[in-house]
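Trainee: My file is protein.txt. It has compact mmCIF, C-alpha atoms:
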```
# COMPACT_ATOMS: atom_id res chain seq x y z
CA MET A 290 148.71 98.72 101.37
CA SER A 291 147.40 102.24 102.07
CA GLU A 292 144.41 103.10 104.24
CA LEU A 293 141.08 104.08 102.78
CA GLN A 294 140.81 107.87 102.83
CA PHE A 295 138.63 110.42 101.10
CA ASP A 296 139.58 114.00 100.27
CA GLU A 297 137.35 117.06 100.65
CA MET A 298 135.97 116.86 97.11
CA GLU A 299 135.03 113.20 97.48
CA ARG A 300 133.38 113.89 100.83
CA GLY A 301 131.45 116.72 99.20
CA ARG A 302 130.17 114.33 96.54
CA PHE A 303 129.07 111.88 99.24
CA LEU A 304 127.11 114.66 100.92
CA GLU A 305 125.40 115.50 97.63
CA THR A 306 124.46 111.83 97.11
CA ALA A 307 123.21 111.62 100.72
CA LYS A 308 121.00 114.69 100.23
CA LEU A 309 119.39 113.17 97.13
CA MET A 310 118.95 109.80 98.84
CA LYS A 311 117.29 111.41 101.84
CA PHE A 312 114.76 113.21 99.62
CA VAL A 313 113.94 110.07 97.62
CA GLY A 314 113.75 107.87 100.74
CA ILE A 315 111.44 110.24 102.62
CA PHE A 316 109.19 110.52 99.54
CA TRP A 317 108.89 106.71 99.34
CA VAL A 318 108.13 106.44 103.05
CA VAL A 319 105.44 109.15 102.89
CA ILE A 320 103.78 107.67 99.79
CA ALA A 321 103.86 104.13 101.19
CA ALA A 322 102.57 105.30 104.58
CA LEU A 323 99.69 107.16 102.92
CA MET A 324 98.80 104.12 100.81
CA LEU A 325 98.98 101.77 103.82
CA PHE A 326 96.84 104.19 105.82
CA VAL A 327 94.21 104.40 103.07
CA MET A 328 94.21 100.62 102.61
CA GLY A 329 94.00 100.10 106.37
CA ILE A 330 91.07 102.48 106.65
CA MET A 331 89.35 100.77 103.72
CA ALA A 332 89.80 97.35 105.32
CA LEU A 333 88.53 98.63 108.68
CA LEU A 334 85.55 100.47 107.22
CA VAL A 335 84.24 97.56 105.25
CA SER A 336 85.50 95.10 107.90
CA VAL A 337 85.60 92.37 105.29
CA VAL A 338 88.42 92.70 102.81
CA ALA A 339 86.44 90.93 100.10
CA VAL A 340 83.99 93.84 100.01
CA THR A 341 86.87 96.07 98.94
CA PHE A 342 87.19 93.88 95.89
CA ALA A 343 83.46 93.17 95.66
CA ALA A 344 83.58 92.92 91.90
CA LYS A 345 85.85 89.90 92.20
CA GLY A 346 84.92 88.56 95.62
CA THR A 347 87.34 85.69 95.17
CA ALA A 348 90.54 84.34 96.69
CA GLY A 349 92.28 86.35 93.96
CA GLY A 350 90.79 89.50 95.50
CA TYR A 351 92.26 88.68 98.91
CA LEU A 352 95.60 87.86 97.32
CA GLN A 353 95.65 91.15 95.44
CA PHE A 354 94.90 93.03 98.63
CA LEU A 355 97.65 91.17 100.48
CA LEU A 356 100.12 91.82 97.66
CA ALA A 357 99.23 95.51 97.67
CA PHE A 358 99.99 95.61 101.41
CA LEU A 359 103.29 93.77 100.84
CA ASP A 360 104.18 96.11 97.97
CA GLU A 361 103.65 99.27 100.04
CA GLY A 362 105.31 97.72 103.09
CA ALA A 363 108.42 96.86 101.07
CA LEU A 364 108.45 100.37 99.57
CA ALA A 365 108.26 101.91 103.05
CA ALA A 366 111.11 99.67 104.23
CA ALA A 367 113.18 100.55 101.14
CA GLY A 368 112.55 104.23 101.90
CA VAL A 369 113.65 103.81 105.51
CA TYR A 370 116.82 102.02 104.42
CA THR A 371 117.53 104.69 101.79
CA VAL A 372 117.36 107.33 104.55
CA LEU A 373 119.58 105.15 106.78
CA THR A 374 122.11 104.81 103.93
CA ALA A 375 122.05 108.58 103.48
CA GLY A 376 122.66 109.02 107.21
CA SER A 377 125.64 106.67 107.18
CA LEU A 378 126.99 108.47 104.09
CA VAL A 379 126.75 111.80 105.93
CA LYS A 380 128.64 110.30 108.90
CA LEU A 381 131.31 109.05 106.51
CA ALA A 382 131.56 112.43 104.75
CA GLU A 383 131.66 114.47 107.94
CA GLY A 384 134.32 112.22 109.41
CA PRO A 385 133.18 111.13 112.88
CA VAL A 386 133.81 107.51 111.81
CA ASP A 387 136.81 105.73 110.36
CA ALA A 388 136.60 105.84 106.52
CA ARG A 389 136.81 102.06 106.06
CA GLU A 390 134.33 101.31 108.83
CA GLY A 391 131.98 104.06 107.64
CA MET A 392 132.11 102.85 104.04
CA MET A 393 131.29 99.30 105.08
CA THR A 394 128.21 100.57 106.99
CA VAL A 395 127.13 102.53 103.90
CA LEU A 396 127.61 99.50 101.66
CA GLY A 397 125.70 97.21 104.04
CA ASN A 398 122.75 99.60 104.15
CA LEU A 399 122.89 100.05 100.39
CA ARG A 400 122.72 96.30 99.82
CA THR A 401 119.58 96.05 102.00
CA THR A 402 118.05 99.03 100.15
CA PHE A 403 118.54 97.27 96.80
CA VAL A 404 117.12 93.99 98.14
CA LEU A 405 114.01 95.78 99.47
CA TYR A 406 113.58 97.77 96.28
CA ALA A 407 113.89 94.58 94.20
CA ALA A 408 111.20 93.04 96.45
CA THR A 409 108.92 96.05 95.86
CA VAL A 410 109.27 95.81 92.09
CA GLY A 411 108.96 92.01 92.20
CA VAL A 412 105.67 92.15 94.12
CA ASP A 413 104.46 94.76 91.62
CA VAL A 414 105.17 92.39 88.72
CA VAL A 415 103.39 89.48 90.48
CA THR A 416 100.37 91.73 91.18
CA ASP A 417 100.20 92.73 87.50
CA VAL A 418 100.40 89.09 86.38
CA ILE A 419 97.63 88.06 88.82
CA GLU A 420 95.50 90.95 87.59
CA LEU A 421 96.00 89.78 84.01
CA LEU A 422 95.12 86.19 84.90
CA ALA A 423 91.99 87.35 86.76
CA LYS A 424 90.66 89.08 83.61
CA MET B 131 149.62 101.52 96.60
CA ASP B 132 145.87 102.12 96.32
CA TYR B 133 143.50 100.73 98.96
CA GLU B 134 142.32 97.15 98.35
CA PHE B 135 139.16 95.79 99.94
CA THR B 136 139.62 92.56 101.90
CA ALA B 137 137.91 89.28 100.96
CA GLU B 138 135.29 89.87 103.68
CA GLU B 139 134.55 93.39 102.39
CA ASN B 140 134.39 92.08 98.82
CA LYS B 141 131.59 89.74 99.93
CA VAL B 142 129.46 92.76 100.93
CA LEU B 143 130.26 94.43 97.61
CA ALA B 144 129.37 91.24 95.71
CA GLY B 145 126.03 91.24 97.57
CA ILE B 146 125.40 94.77 96.30
CA VAL B 147 126.18 93.69 92.73
CA VAL B 148 123.69 90.80 92.92
CA SER B 149 120.90 92.81 94.58
CA ALA B 150 121.37 95.78 92.22
CA ARG B 151 121.17 93.46 89.20
CA VAL B 152 118.08 91.68 90.54
CA ALA B 153 116.48 95.10 91.05
CA ALA B 154 117.54 96.16 87.50
CA VAL B 155 116.08 93.01 85.90
CA SER B 156 112.82 93.41 87.89
CA ILE B 157 112.53 97.06 86.84
CA ALA B 158 113.27 96.12 83.20
CA ALA B 159 110.52 93.46 83.31
CA THR B 160 108.08 96.00 84.76
CA GLY B 161 109.15 98.57 82.16
CA VAL B 162 108.49 96.15 79.29
CA TRP B 163 105.17 95.13 80.85
CA LYS B 164 103.94 98.66 81.48
CA GLY B 165 105.22 99.92 78.11
CA ALA B 166 103.54 97.09 76.18
CA THR B 167 100.27 97.50 78.12
CA ALA B 168 100.34 101.25 77.49
CA ILE B 169 101.01 100.83 73.75
CA ARG B 170 98.14 98.35 73.46
CA ALA B 171 95.82 100.75 75.29
CA GLY B 172 97.17 103.78 73.39
CA HIS B 173 98.27 105.57 76.58
CA PHE B 174 101.24 107.87 76.06
CA GLY B 175 101.90 108.21 79.83
CA GLY B 176 102.64 104.51 80.24
CA VAL B 177 105.22 104.64 77.42
CA VAL B 178 107.01 107.53 79.19
CA VAL B 179 107.03 105.49 82.43
CA GLY B 180 108.51 102.52 80.52
CA VAL B 181 111.27 104.70 79.00
CA CYS B 182 112.10 106.22 82.43
CA MET B 183 112.35 102.71 83.87
CA PHE B 184 114.83 101.69 81.18
CA ALA B 185 116.98 104.77 81.90
CA LEU B 186 116.96 103.73 85.57
CA VAL B 187 117.91 100.17 84.61
CA ALA B 188 120.87 101.42 82.51
CA LEU B 189 122.20 103.56 85.39
CA LEU B 190 121.66 100.77 87.93
CA TRP B 191 123.52 98.33 85.68
CA ARG B 192 126.44 100.77 85.30
CA ALA B 193 126.62 101.24 89.08
CA SER B 194 126.57 97.48 89.63
CA ALA B 195 129.30 97.04 86.99
CA ALA B 196 131.51 99.53 88.86
CA PHE B 197 130.90 97.69 92.16
CA ASP B 198 131.71 94.45 90.32
CA ARG B 199 135.03 95.92 89.15
CA VAL B 200 135.89 96.71 92.80
CA VAL B 201 135.44 93.01 93.59
CA LYS B 202 137.05 91.52 90.49
CA THR B 203 139.99 93.84 89.77
CA GLU B 204 142.98 95.04 91.75
CA GLY B 205 144.72 98.40 91.93
CA ALA B 206 141.78 100.75 91.46
CA ASP B 207 139.24 99.79 94.13
CA LYS B 208 138.71 103.34 95.40
CA GLU B 209 138.39 104.77 91.89
CA ASN B 210 135.81 102.13 90.94
CA LEU B 211 133.94 102.70 94.20
CA LEU B 212 133.74 106.43 93.52
CA THR B 213 132.53 105.70 89.96
CA ALA B 214 129.77 103.51 91.43
CA PHE B 215 128.74 106.29 93.80
CA GLY B 216 128.74 108.71 90.84
CA GLU B 217 126.24 106.45 89.07
CA LEU B 218 124.16 106.20 92.26
CA THR B 219 124.06 110.00 92.42
CA LYS B 220 122.69 110.09 88.87
CA ILE B 221 120.04 107.47 89.78
CA PHE B 222 118.85 109.40 92.83
CA ARG B 223 118.94 112.71 90.93
CA GLY B 224 116.65 111.15 88.32
CA LEU B 225 114.35 109.67 90.95
CA ARG B 226 114.08 113.03 92.71
CA ALA B 227 113.21 114.73 89.41
CA VAL B 228 110.44 112.17 88.80
CA GLN B 229 109.13 112.63 92.35
CA LEU B 230 109.11 116.43 92.02
CA LEU B 231 107.24 116.05 88.73
CA LEU B 232 104.68 113.82 90.44
CA LEU B 233 104.28 116.36 93.23
CA ALA B 234 103.66 119.06 90.62
CA LEU B 235 101.17 116.87 88.79
CA ILE B 236 98.97 116.25 91.85
CA PRO B 237 97.59 119.82 92.15
CA MET B 238 97.41 120.05 88.34
CA SER B 239 95.28 116.88 88.09
CA VAL B 240 93.01 118.17 90.87
CA VAL B 241 92.47 121.44 88.97
CA VAL B 242 91.86 119.55 85.68
CA GLY B 243 89.39 117.27 87.48
CA ILE B 244 87.47 120.23 88.96
CA VAL B 245 87.37 122.02 85.59
CA ALA B 246 86.17 118.84 83.83
CA ALA B 247 83.47 118.26 86.46
CA ALA B 248 82.33 121.89 86.23
CA SER B 249 82.16 121.81 82.43
CA GLN B 250 79.97 118.67 82.50
CA ARG B 251 77.25 120.45 84.54
```
Just give me the structure as structure tokens.

Mentor:
Amino acid sequence: MSELQFDEMERGRFLETAKLMKFVGIFWVVIAALMLFVMGIMALLVSVVAVTFAAKGTAGGYLQFLLAFLDEGALAAAGVYTVLTAGSLVKLAEGPVDAREGMMTVLGNLRTTFVLYAATVGVDVVTDVIELLAK
Amino acid sequence: MDYEFTAEENKVLAGIVVSARVAAVSIAATGVWKGATAIRAGHFGGVVVGVCMFALVALLWRASAAFDRVVKTEGADKENLLTAFGELTKIFRGLRAVQLLLLALIPMSVVVGIVAAASQR
């Protein structure tokens, strides 16, 4: 059985993918960080979370707030892992690591990215359903 | 002979297939939800978001299918892996385009808001 090797063209494609992943990951992190910051400030300013959702003022309001935090937290984590995946892809493309070992690191990071992204979308769906039930 | 991933490596790849498909199904559910809500409310923007989500789901599914072929077939592991990365490139290219569009829309919506507020006075 032959060893895993990538030629120049394939490495070039990995670099292109890594560049796109880095942009998308950083964007997610910045957006999530901004949202978490705004939510944190809101919670601190009013000191009681329920006031933020004064119109509801119920356990559902707290739950929605918690879910929003979870949603943004998962998005930030997915962004961080996307950037990590991009970094490992760059290492693989530029060759300081063994191709097989490097690819396994990329794949491991990619799996975590997908899991975190699925969690983000999942929390989003649950939030929407709770919102619908609250109406 | 072409490179073949070991059983241990195939486990990691199988994990990617499962997580990518879970993400795809979740995005599809959100797309249907947001699209239906938007149609009911008569909002065109929500329909566009729903359509974009379905395009993302299709690409994610194709990428996961290529990763699945790496696990389940023999003789073309590297080729299938590169196909999967090709699909991932398309996904991230699309996501970047959406993000750039959002970035462009922020100053535009601020300007529209200011103009609307000024015209109400």

Trainee: Excluding same-chain residues fewer than 3 positions from stretch 400-415 of chain A, what lies within 7 Å of it counting only C-alpha atoms, as a list in words?

Mentor: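 After dropping sequence-adjacent residues, the list is Leu356, Asp360, Ala363, Leu364, Ala366, Ala367, Tyr370, Thr371, Leu396, Gly397, Val418 and Ile419 of chain A; Gly145, Ile146, Ser149, Ala150, Val152, Ala153, Ser156, Ile157 and Thr160 of chain B.
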
Trainee: Need to verify the contact set: stretch 134-137 of chain B, 9 Å, all atoms listed in the file, exclusion of same-chain residues closer than 5 positions in sequence. Can you return it as a list of chain:residue names?

Mentor: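 Counting only the stated atoms, we get A:Met290, A:Ser291, A:Glu292, A:Leu293, B:Val200, B:Val201, B:Glu204, B:Gly205, B:Ala206, B:Asp207, B:Lys208.
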
Trainee: Please dump the current selection as a PDB file, in the coordinates of the input; keep C-alpha atoms.

Mentor:
```pdb
ATOM      1  CA  MET A 290     148.710  98.720 101.370  1.00  0.00           C
ATOM      2  CA  SER A 291     147.400 102.240 102.070  1.00  0.00           C
ATOM      3  CA  GLU A 292     144.410 103.100 104.240  1.00  0.00           C
ATOM      4  CA  LEU A 293     141.080 104.080 102.780  1.00  0.00           C
TER       5      LEU A 293
ATOM      6  CA  VAL B 200     135.890  96.710  92.800  1.00  0.00           C
ATOM      7  CA  VAL B 201     135.440  93.010  93.590  1.00  0.00           C
ATOM      8  CA  GLU B 204     142.980  95.040  91.750  1.00  0.00           C
ATOM      9  CA  GLY B 205     144.720  98.400  91.930  1.00  0.00           C
ATOM     10  CA  ALA B 206     141.780 100.750  91.460  1.00  0.00           C
ATOM     11  CA  ASP B 207     139.240  99.790  94.130  1.00  0.00           C
ATOM     12  CA  LYS B 208     138.710 103.340  95.400  1.00  0.00           C
TER      13      LYS B 208
END
```

Trainee: Just want the 12 Å neighbourhood of A:Leu323, counted on all atoms listed in the file, with same-chain residues fewer than 5 positions away dropped. Output as a list in words.

Mentor: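 The neighbour list is Phe316, Trp317, Val318, Met328, Gly329, Ile330, Phe358, Glu361, Gly362, Leu364 and Ala365 of chain A.
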
Trainee: Tell me which of A:Met298, A:Glu305, A:Leu399, A:Met393 sits closest to B:Ala193, counting all atoms listed in the file.

Mentor: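 Result for the nearest residue to B:Ala193: A:Leu399.
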
Trainee: Could you check how far atom CA of A:Val319 sits from atom CA of B:Ala166, in Å to one decimal?

Mentor: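 If I compute the distance from atom CA of A:Val319 to atom CA of B:Ala166, I get 29.4 Å.
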
Trainee: Go through A:Val372, A:Leu381, A:Asp417, A:Ala423 and flag the residue nearest chain B, using all atoms listed in the file for the distances.

Mentor: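 Looking only at the distances to chain B, the closest residue turns out to be A:Asp417.
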
Trainee: Figure out the distance between atom CA of A:Glu383 and atom CA of B:Arg223, please, to one decimal in Å.

Mentor: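 If I compute the distance from atom CA of B:Arg223 to atom CA of A:Glu383, I get 21.3 Å.
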
Trainee: Within 10 Å of A:Gly376, counting all atoms listed in the file, which residues qualify if same-chain residues fewer than 3 places away don't, as a list in words?

Mentor: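 The contact residues come out as Leu304, Ala307, Lys308, Met310, Lys311, Tyr370, Thr371, Val372, Leu373, Val379, Lys380, Leu381, Ala382, Val395 and Asn398 of chain A.
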
Trainee: For stretch 194-198 of chain B, list every protein, DNA or RNA residue within 10 Å, evaluated using all atoms listed in the file, and leave out those in the same chain fewer than 4 positions away; present the list as a ChimeraX atom specification.

Mentor: /B:140,143-151,154,188-190,202-203,207,209-218
